[in-house]
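**Student:** Sharing final21.cif, mmCIF, C-alpha atoms and all ligand atoms:
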```cif
data_structure
loop_
_atom_site.label_atom_id
_atom_site.label_comp_id
_atom_site.auth_asym_id
_atom_site.auth_seq_id
_atom_site.Cartn_x
_atom_site.Cartn_y
_atom_site.Cartn_z
CA MET A 278 0.00 0.00 0.00
CA SER A 279 1.27 3.50 -0.75
CA ASN A 280 1.92 6.08 1.96
CA PRO A 281 -0.73 8.68 2.79
CA LYS A 282 -0.36 11.74 0.59
CA VAL A 283 -0.07 15.24 2.04
CA MET A 284 -0.70 18.13 -0.32
CA THR A 285 0.76 21.47 0.76
CA VAL A 286 -0.77 24.50 -0.97
CA TYR A 287 0.66 28.01 -0.87
CA GLY A 288 0.78 31.09 -3.07
CA THR A 289 2.34 34.14 -1.43
CA ARG A 290 5.72 35.07 0.04
CA PRO A 291 4.87 34.61 3.73
CA GLU A 292 3.14 31.28 3.11
CA ALA A 293 6.20 30.06 1.17
CA ILE A 294 8.53 31.00 4.03
CA LYS A 295 6.29 29.31 6.58
CA VAL A 296 5.61 26.09 4.63
CA ALA A 297 9.22 25.63 3.46
CA PRO A 298 10.38 23.94 6.70
CA VAL A 299 7.21 21.80 6.75
CA ILE A 300 7.72 20.65 3.16
CA LYS A 301 11.32 19.72 4.01
CA ALA A 302 10.14 17.74 7.05
CA LEU A 303 7.41 16.00 5.03
CA GLU A 304 9.86 15.07 2.31
CA ALA A 305 12.21 13.57 4.87
CA ASP A 306 9.45 11.50 6.50
CA PRO A 307 9.31 7.89 5.20
CA ARG A 308 5.69 7.45 6.39
CA LEU A 309 4.27 10.17 4.15
CA GLU A 310 4.20 11.23 0.53
CA SER A 311 4.47 14.96 -0.12
CA VAL A 312 2.98 16.86 -3.04
CA VAL A 313 3.58 20.60 -3.30
CA VAL A 314 1.22 22.99 -5.07
CA SER A 315 1.76 26.69 -5.71
CA THR A 316 -1.19 28.81 -6.80
CA GLY A 317 1.26 31.50 -7.90
CA GLN A 318 -0.85 34.23 -6.23
CA HIS A 319 2.52 36.00 -6.00
CA ARG A 320 5.12 35.47 -8.71
CA GLU A 321 8.54 37.11 -8.29
CA MET A 322 8.19 37.30 -4.49
CA LEU A 323 7.24 33.62 -4.33
CA ASP A 324 9.92 32.42 -6.72
CA GLN A 325 12.49 34.26 -4.60
CA VAL A 326 11.54 32.13 -1.57
CA ASN A 327 11.25 28.87 -3.53
CA GLY A 328 14.76 29.46 -4.86
CA MET A 329 16.14 30.28 -1.43
CA PHE A 330 14.78 27.13 0.23
CA GLY A 331 15.24 24.88 -2.83
CA ILE A 332 11.54 24.08 -3.23
CA ASN A 333 10.20 23.09 -6.65
CA PRO A 334 6.40 22.78 -6.57
CA HIS A 335 4.98 19.77 -8.40
CA HIS A 336 2.19 22.01 -9.71
CA ASP A 337 2.02 25.77 -10.27
CA LEU A 338 -1.28 27.41 -11.19
CA ASN A 339 0.38 30.73 -12.03
CA ILE A 340 -2.80 32.72 -11.21
CA MET A 341 -1.30 36.16 -10.48
CA ARG A 342 -2.71 39.10 -12.49
CA PRO A 343 -1.90 42.82 -12.21
CA GLY A 344 -4.40 44.50 -9.89
CA GLN A 345 -5.98 41.16 -9.03
CA SER A 346 -9.26 41.18 -7.11
CA LEU A 347 -9.96 38.96 -4.11
CA ASN A 348 -12.69 37.08 -5.96
CA GLY A 349 -10.48 36.70 -9.00
CA ILE A 350 -7.73 35.09 -6.89
CA VAL A 351 -10.17 32.79 -5.10
CA ALA A 352 -12.00 31.76 -8.28
CA ARG A 353 -8.82 30.95 -10.22
CA ALA A 354 -7.27 29.15 -7.23
CA ILE A 355 -10.32 26.99 -6.42
CA SER A 356 -10.85 25.96 -10.00
CA GLY A 357 -7.15 25.17 -10.56
CA LEU A 358 -6.81 23.32 -7.26
CA ASP A 359 -9.89 21.26 -7.94
CA ALA A 360 -8.33 19.81 -11.08
CA ILE A 361 -5.10 19.01 -9.23
CA ILE A 362 -6.96 17.38 -6.34
CA GLU A 363 -8.75 15.17 -8.83
CA VAL A 364 -5.46 13.95 -10.24
CA GLU A 365 -3.40 13.75 -7.03
CA ARG A 366 -6.15 12.47 -4.68
CA PRO A 367 -4.39 13.64 -1.49
CA ASP A 368 -5.41 12.38 1.97
CA VAL A 369 -4.77 15.77 3.53
CA VAL A 370 -4.50 19.36 2.33
CA ILE A 371 -2.36 21.79 4.32
CA SER A 372 -3.53 25.41 4.21
CA GLN A 373 -1.18 27.99 5.78
CA GLY A 374 -2.32 31.19 7.42
CA ASP A 375 -4.98 33.54 6.11
CA THR A 376 -4.42 34.57 2.50
CA SER A 377 -6.91 34.13 -0.33
CA THR A 378 -4.85 31.14 -1.49
CA ALA A 379 -5.10 29.56 1.97
CA MET A 380 -8.87 30.03 2.09
CA ALA A 381 -9.30 28.69 -1.46
CA ALA A 382 -7.18 25.63 -0.65
CA ALA A 383 -9.28 24.83 2.40
CA ILE A 384 -12.58 25.18 0.55
CA ALA A 385 -11.34 23.28 -2.52
CA GLY A 386 -10.15 20.39 -0.34
CA PHE A 387 -13.22 20.38 1.88
CA ASN A 388 -15.57 20.25 -1.10
CA ARG A 389 -13.71 17.12 -2.20
CA GLN A 390 -14.11 15.65 1.32
CA ILE A 391 -10.40 15.81 2.03
CA LYS A 392 -9.14 16.47 5.55
CA ILE A 393 -7.87 20.02 5.99
CA VAL A 394 -4.93 20.85 8.23
CA HIS A 395 -4.67 24.53 9.17
CA LEU A 396 -1.10 25.60 9.81
CA GLU A 397 -0.92 28.79 11.92
CA ALA A 398 -4.46 28.30 13.22
CA GLY A 399 -6.35 30.37 15.77
CA LEU A 400 -4.96 33.86 15.15
CA ARG A 401 -7.71 36.40 15.76
CA THR A 402 -8.11 40.15 16.14
CA GLY A 403 -11.82 39.79 16.92
CA ASN A 404 -12.66 42.28 14.16
CA LEU A 405 -13.94 40.56 11.02
CA LEU A 406 -12.97 43.55 8.88
CA SER A 407 -9.44 44.00 10.18
CA PRO A 408 -7.18 42.80 8.80
CA PHE A 409 -9.25 42.47 5.64
CA PRO A 410 -9.78 39.87 4.29
CA GLU A 411 -7.39 37.83 6.47
CA GLU A 412 -9.50 37.65 9.68
CA ALA A 413 -12.43 36.21 7.73
CA ASN A 414 -10.15 33.85 5.79
CA ARG A 415 -8.68 32.28 8.89
CA LYS A 416 -12.09 31.84 10.48
CA LEU A 417 -13.43 30.20 7.32
CA ILE A 418 -10.44 27.87 7.16
CA GLY A 419 -10.94 26.96 10.82
CA GLN A 420 -14.54 25.98 10.13
CA VAL A 421 -13.54 23.25 7.67
CA SER A 422 -10.33 22.02 9.31
CA SER A 423 -9.83 18.63 10.98
CA LEU A 424 -6.52 19.56 12.60
CA HIS A 425 -5.60 23.02 13.89
CA LEU A 426 -1.88 23.67 14.28
CA ALA A 427 -1.88 26.68 16.59
CA PRO A 428 1.41 28.55 17.01
CA THR A 429 0.84 29.59 20.63
CA GLU A 430 -1.32 28.89 23.68
CA MET A 431 -3.18 32.15 22.99
CA SER A 432 -4.12 31.04 19.49
CA LYS A 433 -5.21 27.69 20.92
CA ALA A 434 -7.39 29.53 23.46
CA ASN A 435 -9.06 31.47 20.61
CA LEU A 436 -9.99 28.15 19.02
CA THR A 437 -11.30 26.53 22.20
CA ARG A 438 -13.45 29.63 22.75
CA GLU A 439 -14.94 28.89 19.33
CA ALA A 440 -15.70 25.32 20.52
CA VAL A 441 -12.99 23.56 18.52
CA PRO A 442 -12.41 20.27 20.39
CA GLU A 443 -9.17 20.24 22.42
CA ARG A 444 -7.99 16.99 20.77
CA ASP A 445 -8.03 18.64 17.33
CA ILE A 446 -5.56 21.37 18.36
CA VAL A 447 -1.79 21.06 18.64
CA VAL A 448 0.41 23.96 19.78
CA THR A 449 3.39 23.79 17.45
CA GLY A 450 5.07 27.20 17.63
CA ASN A 451 5.24 29.12 14.36
CA THR A 452 7.20 27.56 11.52
CA VAL A 453 8.51 31.04 10.64
CA ILE A 454 10.95 30.63 13.52
CA ASP A 455 12.20 27.36 11.95
CA ALA A 456 12.80 29.33 8.74
CA LEU A 457 14.45 32.21 10.60
CA LEU A 458 16.83 29.87 12.43
CA GLU A 459 17.80 28.31 9.13
CA ALA A 460 18.45 31.77 7.65
CA ALA A 461 20.64 32.66 10.64
CA SER A 462 22.89 29.71 9.74
CA TRP A 463 23.51 31.01 6.20
CA ASP A 464 26.55 33.09 5.36
CA THR A 465 24.84 36.09 3.78
CA GLN A 466 26.40 39.23 2.32
CA PHE A 467 24.51 42.30 1.10
CA SER A 468 24.84 42.80 -2.65
CA ASN A 469 23.31 46.29 -3.03
CA GLU A 470 26.27 48.71 -3.05
CA ARG A 471 24.51 51.54 -1.17
CA LEU A 472 23.24 49.11 1.40
CA LYS A 473 26.70 47.63 1.85
CA THR A 474 28.09 51.11 2.52
CA PHE A 475 25.24 52.09 4.86
CA ALA A 476 25.37 48.82 6.74
CA ALA A 477 29.11 49.02 7.26
CA GLU A 478 28.81 52.49 8.82
CA ASP A 479 28.04 53.05 12.46
CA ARG A 480 24.62 54.58 11.73
CA LYS A 481 21.25 53.60 13.10
CA MET A 482 18.96 51.87 10.60
CA VAL A 483 15.18 51.95 10.51
CA LEU A 484 13.88 49.03 8.44
CA VAL A 485 10.43 49.64 6.96
CA THR A 486 7.94 47.30 5.25
CA THR A 487 4.37 48.03 4.28
CA HIS A 488 1.76 46.30 2.14
CA ARG A 489 -1.54 45.74 4.01
CA ARG A 490 -4.62 46.12 1.81
CA GLU A 491 -6.51 47.97 4.53
CA ASN A 492 -3.58 50.40 4.88
CA LEU A 493 -3.54 51.39 1.20
CA GLU A 494 -5.58 54.53 1.83
CA ASP A 495 -3.14 55.66 4.54
CA MET A 496 0.02 54.55 2.85
CA ALA A 497 1.02 58.04 1.72
CA ASN A 498 1.11 58.91 5.45
CA ILE A 499 3.69 56.20 5.96
CA GLY A 500 5.81 57.69 3.17
CA ARG A 501 5.45 61.23 4.57
CA ALA A 502 6.42 60.02 8.05
CA MET A 503 9.52 58.33 6.60
CA ARG A 504 10.49 61.56 4.86
CA ARG A 505 10.09 63.61 8.07
CA ILE A 506 12.17 61.10 10.04
CA SER A 507 14.88 61.22 7.38
CA GLU A 508 14.91 65.05 7.54
CA ARG A 509 14.93 65.25 11.33
CA PHE A 510 17.65 62.57 11.67
CA PRO A 511 20.04 62.90 8.70
CA GLU A 512 22.51 60.56 10.44
CA VAL A 513 19.93 57.75 10.51
CA PHE A 514 19.23 55.72 7.38
CA LEU A 515 15.95 54.18 6.41
CA VAL A 516 15.60 51.10 4.20
CA LEU A 517 12.38 50.13 2.43
CA PRO A 518 12.42 46.80 0.59
CA ALA A 519 9.30 47.66 -1.37
CA HIS A 520 6.44 45.21 -1.91
CA LEU A 521 5.69 44.66 -5.62
CA ASN A 522 2.05 45.76 -5.37
CA PRO A 523 1.98 48.81 -7.71
CA ALA A 524 -0.63 50.48 -5.45
CA VAL A 525 1.84 50.41 -2.54
CA ARG A 526 4.59 51.88 -4.67
CA ALA A 527 2.36 54.59 -6.14
CA ALA A 528 1.37 55.75 -2.66
CA VAL A 529 4.77 55.65 -0.93
CA PHE A 530 7.47 56.33 -3.51
CA PRO A 531 6.54 59.93 -4.41
CA GLU A 532 6.78 60.86 -0.71
CA ILE A 533 10.31 59.53 -0.21
CA GLU A 534 12.12 59.74 -3.52
CA GLY A 535 15.24 61.91 -3.64
CA ARG A 536 16.21 61.58 0.04
CA ASN A 537 19.81 60.41 0.26
CA ASN A 538 19.30 58.65 3.61
CA ILE A 539 16.32 56.62 2.40
CA LEU A 540 17.10 53.52 0.37
CA ILE A 541 14.30 51.91 -1.62
CA THR A 542 15.06 48.38 -2.80
CA GLU A 543 13.20 45.60 -4.59
CA PRO A 544 11.78 42.91 -2.25
CA ALA A 545 14.79 41.53 -0.41
CA PRO A 546 15.52 37.81 -0.74
CA TYR A 547 14.89 36.10 2.60
CA ASP A 548 18.57 35.70 3.44
CA ARG A 549 19.17 39.42 2.98
CA PHE A 550 15.95 40.52 4.60
CA THR A 551 16.66 38.56 7.77
CA LYS A 552 20.18 39.99 7.84
CA LEU A 553 18.66 43.46 7.44
CA MET A 554 16.43 42.83 10.46
CA GLY A 555 19.53 41.79 12.36
CA ARG A 556 21.27 45.04 11.37
CA ALA A 557 18.25 47.28 12.06
CA TYR A 558 17.93 49.51 15.14
CA ILE A 559 14.14 49.77 14.79
CA VAL A 560 11.66 47.82 12.65
CA LEU A 561 8.63 49.75 11.37
CA THR A 562 6.14 47.45 9.67
CA ASP A 563 2.58 46.35 9.01
CA SER A 564 3.66 42.78 8.23
CA GLY A 565 2.49 39.72 10.13
CA GLY A 566 5.61 37.62 9.66
CA VAL A 567 8.00 40.43 10.51
CA GLN A 568 6.12 40.94 13.81
CA GLU A 569 6.93 37.33 14.64
CA GLU A 570 10.56 37.32 13.53
CA ALA A 571 11.99 40.64 14.74
CA PRO A 572 11.26 40.01 18.46
CA SER A 573 13.63 36.99 18.38
CA LEU A 574 16.33 39.39 17.25
CA GLY A 575 15.70 41.75 20.17
CA LYS A 576 14.59 44.59 17.91
CA PRO A 577 11.84 47.04 18.88
CA VAL A 578 8.99 46.64 16.42
CA LEU A 579 6.55 49.48 15.74
CA VAL A 580 3.50 48.00 14.02
CA MET A 581 1.54 50.32 11.75
CA ARG A 582 -1.84 48.80 12.50
CA GLU A 583 -4.68 49.45 14.93
CA ASN A 584 -4.84 45.84 16.15
CA THR A 585 -2.96 42.59 15.91
CA GLU A 586 -3.68 38.88 15.87
CA ARG A 587 -0.22 38.41 17.36
CA PRO A 588 -0.54 39.89 20.87
CA GLU A 589 2.22 37.80 22.48
CA ALA A 590 5.13 40.12 21.67
CA VAL A 591 2.99 43.17 22.46
CA GLU A 592 2.47 41.73 25.95
CA ALA A 593 6.20 41.06 26.21
CA GLY A 594 6.85 44.76 25.44
CA THR A 595 8.90 44.29 22.24
CA VAL A 596 6.10 45.16 19.81
CA ARG A 597 3.97 48.33 19.95
CA LEU A 598 0.86 49.06 17.91
CA ILE A 599 1.04 52.61 16.58
CA GLY A 600 -1.53 52.85 13.76
CA THR A 601 -0.91 54.65 10.47
CA GLY A 602 -1.15 58.32 11.48
CA GLU A 603 1.79 60.35 10.17
CA ASP A 604 2.49 62.27 13.40
CA ARG A 605 2.26 59.20 15.60
CA ILE A 606 4.73 57.29 13.41
CA VAL A 607 7.20 60.19 13.54
CA ASP A 608 6.76 60.58 17.33
CA GLU A 609 7.22 56.89 18.10
CA VAL A 610 10.34 56.55 15.96
CA THR A 611 11.72 59.80 17.41
CA GLU A 612 11.26 58.52 20.94
CA LEU A 613 13.16 55.32 20.21
CA LEU A 614 15.95 57.22 18.45
CA THR A 615 16.41 59.79 21.21
CA ASP A 616 15.46 58.11 24.50
CA ALA A 617 17.89 55.33 25.36
CA GLU A 618 15.77 54.11 28.28
CA ALA A 619 12.63 53.87 26.17
CA TYR A 620 14.69 51.98 23.60
CA GLU A 621 16.10 49.53 26.14
CA ARG A 622 12.62 48.85 27.52
CA MET A 623 11.56 47.56 24.11
CA ALA A 624 14.77 45.96 22.88
CA ASN A 625 14.24 42.63 24.61
CA ALA A 626 14.73 39.37 22.83
CA VAL A 627 11.60 37.31 23.26
CA ASN A 628 10.60 34.04 21.61
CA PRO A 629 6.88 33.70 22.12
CA TYR A 630 6.39 32.37 18.59
CA GLY A 631 8.59 29.32 18.36
CA ASP A 632 11.69 27.28 19.14
CA GLY A 633 12.58 25.96 15.68
CA LYS A 634 10.70 22.67 16.10
CA ALA A 635 7.29 23.74 14.81
CA SER A 636 7.52 21.76 11.57
CA GLU A 637 8.54 18.62 13.48
CA ARG A 638 5.44 18.99 15.67
CA ALA A 639 3.27 19.75 12.64
CA VAL A 640 4.39 16.66 10.74
CA ALA A 641 4.00 14.43 13.82
CA ALA A 642 0.44 15.69 14.32
CA ILE A 643 -0.37 15.12 10.63
CA ALA A 644 1.04 11.58 10.86
CA GLU A 645 -1.25 10.99 13.84
CA LEU A 646 -4.26 12.34 11.92
CA LEU A 647 -3.43 9.87 9.13
CA GLY A 648 -2.98 6.96 11.53
CA VAL A 649 0.75 6.46 10.95
CA GLY A 650 2.26 8.12 14.02
CA LYS A 651 1.81 10.05 17.26
CA ARG A 652 1.91 13.77 18.01
CA ILE A 653 4.77 15.09 20.14
CA GLU A 654 4.74 17.54 23.06
CA ASP A 655 3.32 21.01 22.51
CA PHE A 656 5.54 24.07 22.17
CA VAL A 657 6.28 25.96 25.39
CA PRO A 658 8.15 29.29 25.08
CA GLN A 659 11.55 29.44 26.78
CA LYS A 660 13.62 32.39 27.90
CA ALA A 661 15.22 33.91 24.79
CA GLU A 662 18.73 34.82 23.74
CA ALA A 663 18.80 37.34 20.87
CA LEU A 664 19.47 35.58 17.59
CA VAL A 665 22.55 37.00 15.88
CA PHE A 666 23.27 37.02 12.14
CA SER A 667 26.81 36.47 11.01
CA GLY A 668 28.80 38.41 8.41
C1 LIG A 701 -1.24 39.08 -0.12
C2 LIG A 701 -2.22 38.54 0.92
C3 LIG A 701 -1.87 39.10 2.30
C4 LIG A 701 -0.41 38.86 2.63
C5 LIG A 701 0.48 39.40 1.51
C6 LIG A 701 1.91 39.08 1.77
C7 LIG A 701 -4.52 38.11 0.23
C8 LIG A 701 -5.85 38.69 -0.01
N1 LIG A 701 -3.56 38.97 0.61
O1 LIG A 701 -1.46 40.48 -0.20
O2 LIG A 701 -2.68 38.46 3.28
O3 LIG A 701 -0.11 39.52 3.83
O4 LIG A 701 0.09 38.79 0.27
O5 LIG A 701 2.78 39.86 0.99
O6 LIG A 701 -4.32 36.93 0.06
N2 LIG A 701 2.64 41.50 -7.17
C9 LIG A 701 3.61 41.28 -8.13
N3 LIG A 701 4.53 40.30 -7.92
C10 LIG A 701 4.55 39.52 -6.80
C11 LIG A 701 3.57 39.77 -5.81
C12 LIG A 701 2.63 40.75 -6.02
O7 LIG A 701 3.63 41.95 -9.15
O8 LIG A 701 5.42 38.64 -6.67
C13 LIG A 701 1.62 42.55 -7.40
C14 LIG A 701 0.57 42.14 -8.43
O9 LIG A 701 0.25 43.28 -9.18
C15 LIG A 701 -0.63 41.80 -7.55
C16 LIG A 701 -0.47 42.76 -6.40
O10 LIG A 701 0.93 42.83 -6.19
O11 LIG A 701 -1.84 41.98 -8.26
C17 LIG A 701 -1.15 42.38 -5.11
O12 LIG A 701 -0.89 41.03 -4.75
P1 LIG A 701 -1.98 40.23 -3.85
O13 LIG A 701 -1.47 38.84 -3.61
O14 LIG A 701 -3.31 40.36 -4.43
O15 LIG A 701 -2.05 41.07 -2.52
P2 LIG A 701 -0.95 41.36 -1.40
O16 LIG A 701 -1.16 42.76 -0.97
O17 LIG A 701 0.38 40.93 -1.89
N1 LIG A 702 10.33 39.36 3.79
C1 LIG A 702 11.33 39.13 2.84
N2 LIG A 702 11.74 40.17 2.06
C2 LIG A 702 11.23 41.42 2.16
C3 LIG A 702 10.20 41.65 3.12
C4 LIG A 702 9.77 40.59 3.91
O1 LIG A 702 11.82 38.00 2.73
O2 LIG A 702 11.66 42.31 1.42
C5 LIG A 702 9.85 38.24 4.62
C6 LIG A 702 9.81 38.47 6.11
O3 LIG A 702 11.02 38.07 6.73
C7 LIG A 702 8.62 37.63 6.55
C8 LIG A 702 7.71 37.62 5.35
O4 LIG A 702 8.49 38.02 4.24
O5 LIG A 702 8.99 36.29 6.82
C9 LIG A 702 6.55 38.57 5.56
O6 LIG A 702 5.88 38.76 4.34
P1 LIG A 702 4.85 39.92 4.14
O7 LIG A 702 5.18 41.06 5.03
O8 LIG A 702 4.79 40.15 2.67
O9 LIG A 702 3.46 39.22 4.54
P2 LIG A 702 2.68 39.03 5.93
O10 LIG A 702 3.57 38.32 6.86
O11 LIG A 702 2.28 40.39 6.40
O12 LIG A 702 1.49 38.24 5.53
#
```
Kindly transcribe the structure held in the file into structure tokens.
**Tutor:**
Amino acid sequence: MSNPKVMTVYGTRPEAIKVAPVIKALEADPRLESVVVSTGQHREMLDQVNGMFGINPHHDLNIMRPGQSLNGIVARAISGLDAIIEVERPDVVISQGDTSTAMAAAIAGFNRQIKIVHLEAGLRTGNLLSPFPEEANRKLIGQVSSLHLAPTEMSKANLTREAVPERDIVVTGNTVIDALLEAASWDTQFSNERLKTFAAEDRKMVLVTTHRRENLEDMANIGRAMRRISERFPEVFLVLPAHLNPAVRAAVFPEIEGRNNILITEPAPYDRFTKLMGRAYIVLTDSGGVQEEAPSLGKPVLVMRENTERPEAVEAGTVRLIGTGEDRIVDEVTELLTDAEAYERMANAVNPYGDGKASERAVAAIAELLGVGKRIEDFVPQKAEALVFSG
């Protein structure tokens, strides 16, 4: 008899980073067969991660379109996945996180009566419209999942509050920390000449990322705040590895172009981006994954959102929610740049999101679901040492 087949579906950069360690663990497991499917919701940003982790999907739906709509993504993904499911006949579909690809994968699998495993389950803000559409996506995925791989005890508690049976939840830690630990072991050098020069100098760096759909209206504020910070602190340099969404670029670039202490780059490959986080003094972001990674590096993270589904590092004091108002962004960054005590209060290394063994726990729980193994002990956060990047 052949081994049970596990189909991992992903389509965007953060999903790719978070499923990469799971795919590696599945491929190394003699009890299971792994099939990897990319929807191609992202293209260049996804291929960058696939290349970095050496992942070659068995199928790629290549669905990305310029200015794609949510329904367009979901429609193309469900219809493409349905055809692949028919051919591959997997026993389990893994859906990661809360993107449109993740939601489409869960619905496509469920409609074919295949067990759904939700990786990174149970994150909630409690506001269905924020982040949009991610909060709704993760709730929908949860509704059709047989196994919920929650990264933390808090995400597990969100699920038990929604009456998910305790036995269907495993606390794994977040697989992004597995990926981050792997990146920390790579010998990475910056290739951008300006960045190399900046990074070699003894100047403070503010690393900025922004892309959230619900922030698009306010994104010019983020650009204006960056410009004001660059004017007030000419000795500080700001780096923006810019998301490829043209709407993000159109809002932010005009506000910051021409400043010689602001560097705009293309999306940074994961090895360089993680090294950039390691080099940063402050991280200013609206990203989910960056909120999980930067605290392990002991970097203060200012999150340009009104709420978060990742409250653990906020409670630990390393992450602060600051919204997208221009003045507030300038004030918060100014405080961290000028008040050493305020900086030290936030610059604590904390590891609430993982210990590098999340994919091992995930695969063990999937093996149990398929009747070929047993789950292992849940993740419990330990006291953290700041992760350091070499080079
Ligand atoms: C998507 C996810 C979001 C996730 C983010 C990670 C949904 C609804 N949104 O948002 O949850 O946080 O990815 O980055 O699933 N583009 C390219 N090349 C790429 C990637 C994007 O050109 O490699 C451009 C395309 O014009 C595309 C646009 O960016 O139409 C937006 O991409 P899309 O996946 O729709 O939304 P994101 O904002 O990236
Ligand atoms: N990232 C990257 N290069 C960049 C910006 C981010 O590799 O230029 C990584 C980052 O380390 C994190 C992930 O991409 O693991 C976050 O992706 P994004 O912010 O696009 O999505 P989100 O996590 O908000 O869904």
**Student:** Neighbouring residues of Ala519 in chain A were defined as those with any atom within 10 Å, considering all atoms listed in the file; residues of the same chain fewer than 4 positions away were excluded. Please report them as a list in words.
**Tutor:**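 Once the nearby chain positions are removed, what remains is Val485, Thr486, Thr487, His488, Pro523, Val525, Arg526, Val529, Phe530, Leu540, Ile541, Thr542, Glu543, Pro544 and Ala545 of chain A.
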**Student:** Which residues are near ligand LIG 702 (chain A) - at most 10 Å, using all atoms listed in the file? Format: as a PyMOL selection string.
**Tutor:** chain A and resi 289-295+319+322-323+325-326+329+374-376+411+453-454+456-457+460+484-489+517-521+542-554+562-571
**Student:** Taking all atoms listed in the file into account, which of A:Thr285, A:Asn388, A:Thr611, A:Gln318 comes nearest Ile340 in chain A?
**Tutor:** A:Gln318
**Student:** Using only C-alpha atoms, which of the listed residues (A:Gly344, A:Gly386, A:Pro307, A:Pro658) sits closest to Val369 in chain A?
**Tutor:**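 Closest residue, counting only C-alpha atoms: A:Gly386.
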**Student:** Using all atoms listed in the file for the distances, tell me which of A:Thr452, A:Ser462, A:Asn348, A:Asn522 is nearest to ligand LIG 701 (chain A).
**Tutor:**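 Using all atoms listed in the file, the shortest distance to ligand LIG 701 (chain A) belongs to A:Asn522.
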**Student:** Would you mind telling me which residue in A:Val448, A:Leu358, A:Val513, A:Leu493 lies nearest to ligand LIG 701 (chain A) when using only C-alpha atoms and all ligand atoms?
**Tutor:**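 Smallest separation from ligand LIG 701 (chain A) among the options: A:Leu493.
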**Student:** Nearest to ligand LIG 701 (chain A) among A:Phe666, A:Phe330, A:Phe409, A:Phe510, with distances taken over only C-alpha atoms and all ligand atoms: which residue is it?
**Tutor:**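 Using only C-alpha atoms and all ligand atoms, ligand LIG 701 (chain A) sits closest to A:Phe409.
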**Student:** What is the CA of Glu470 in chain A to CA of Arg501 in chain A distance in Å?
**Tutor:**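 It comes out at 25.5 Å.
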**Student:** Can you pull out the residues contacting Glu478 in chain A? Cut-off 12 Å, using all atoms listed in the file, and skip same-chain residues under 6 positions away; I want them as a PyMOL selection string.
**Tutor:** chain A and resi 471-472+512-514+556
**Student:** I'd like to know which of A:Tyr620, A:Tyr630, A:Tyr558, A:Tyr287 is closest to His395 in chain A, using only C-alpha atoms.
**Tutor:**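 For His395 in chain A, the nearest of the given residues is A:Tyr287.
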**Student:** What separation in Å, quoted to one decimal, exists between CA of Leu574 in chain A and CA of Asn625 in chain A?
**Tutor:** 8.3 Å
**Student:** In Å, rounded to a single decimal, give me how far CA of Lys416 in chain A is from atom C11 of ligand LIG 701 (chain A).
**Tutor:** 23.9 Å
**Student:** Can you pull out every residue within 8 Å of range 418-423 of chain A, counting all atoms listed in the file, but drop anything in the same chain fewer than 3 positions away, and send it as a list in words?
**Tutor:**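 Near neighbours after the sequence-gap exclusion: Ser372, Asp375, Ala379, Met380, Ala383, Ile384, Phe387, Lys392, Ile393, Val394, His395, Ala398, Gly399, Asn414, Arg415 and Asp445 of chain A.
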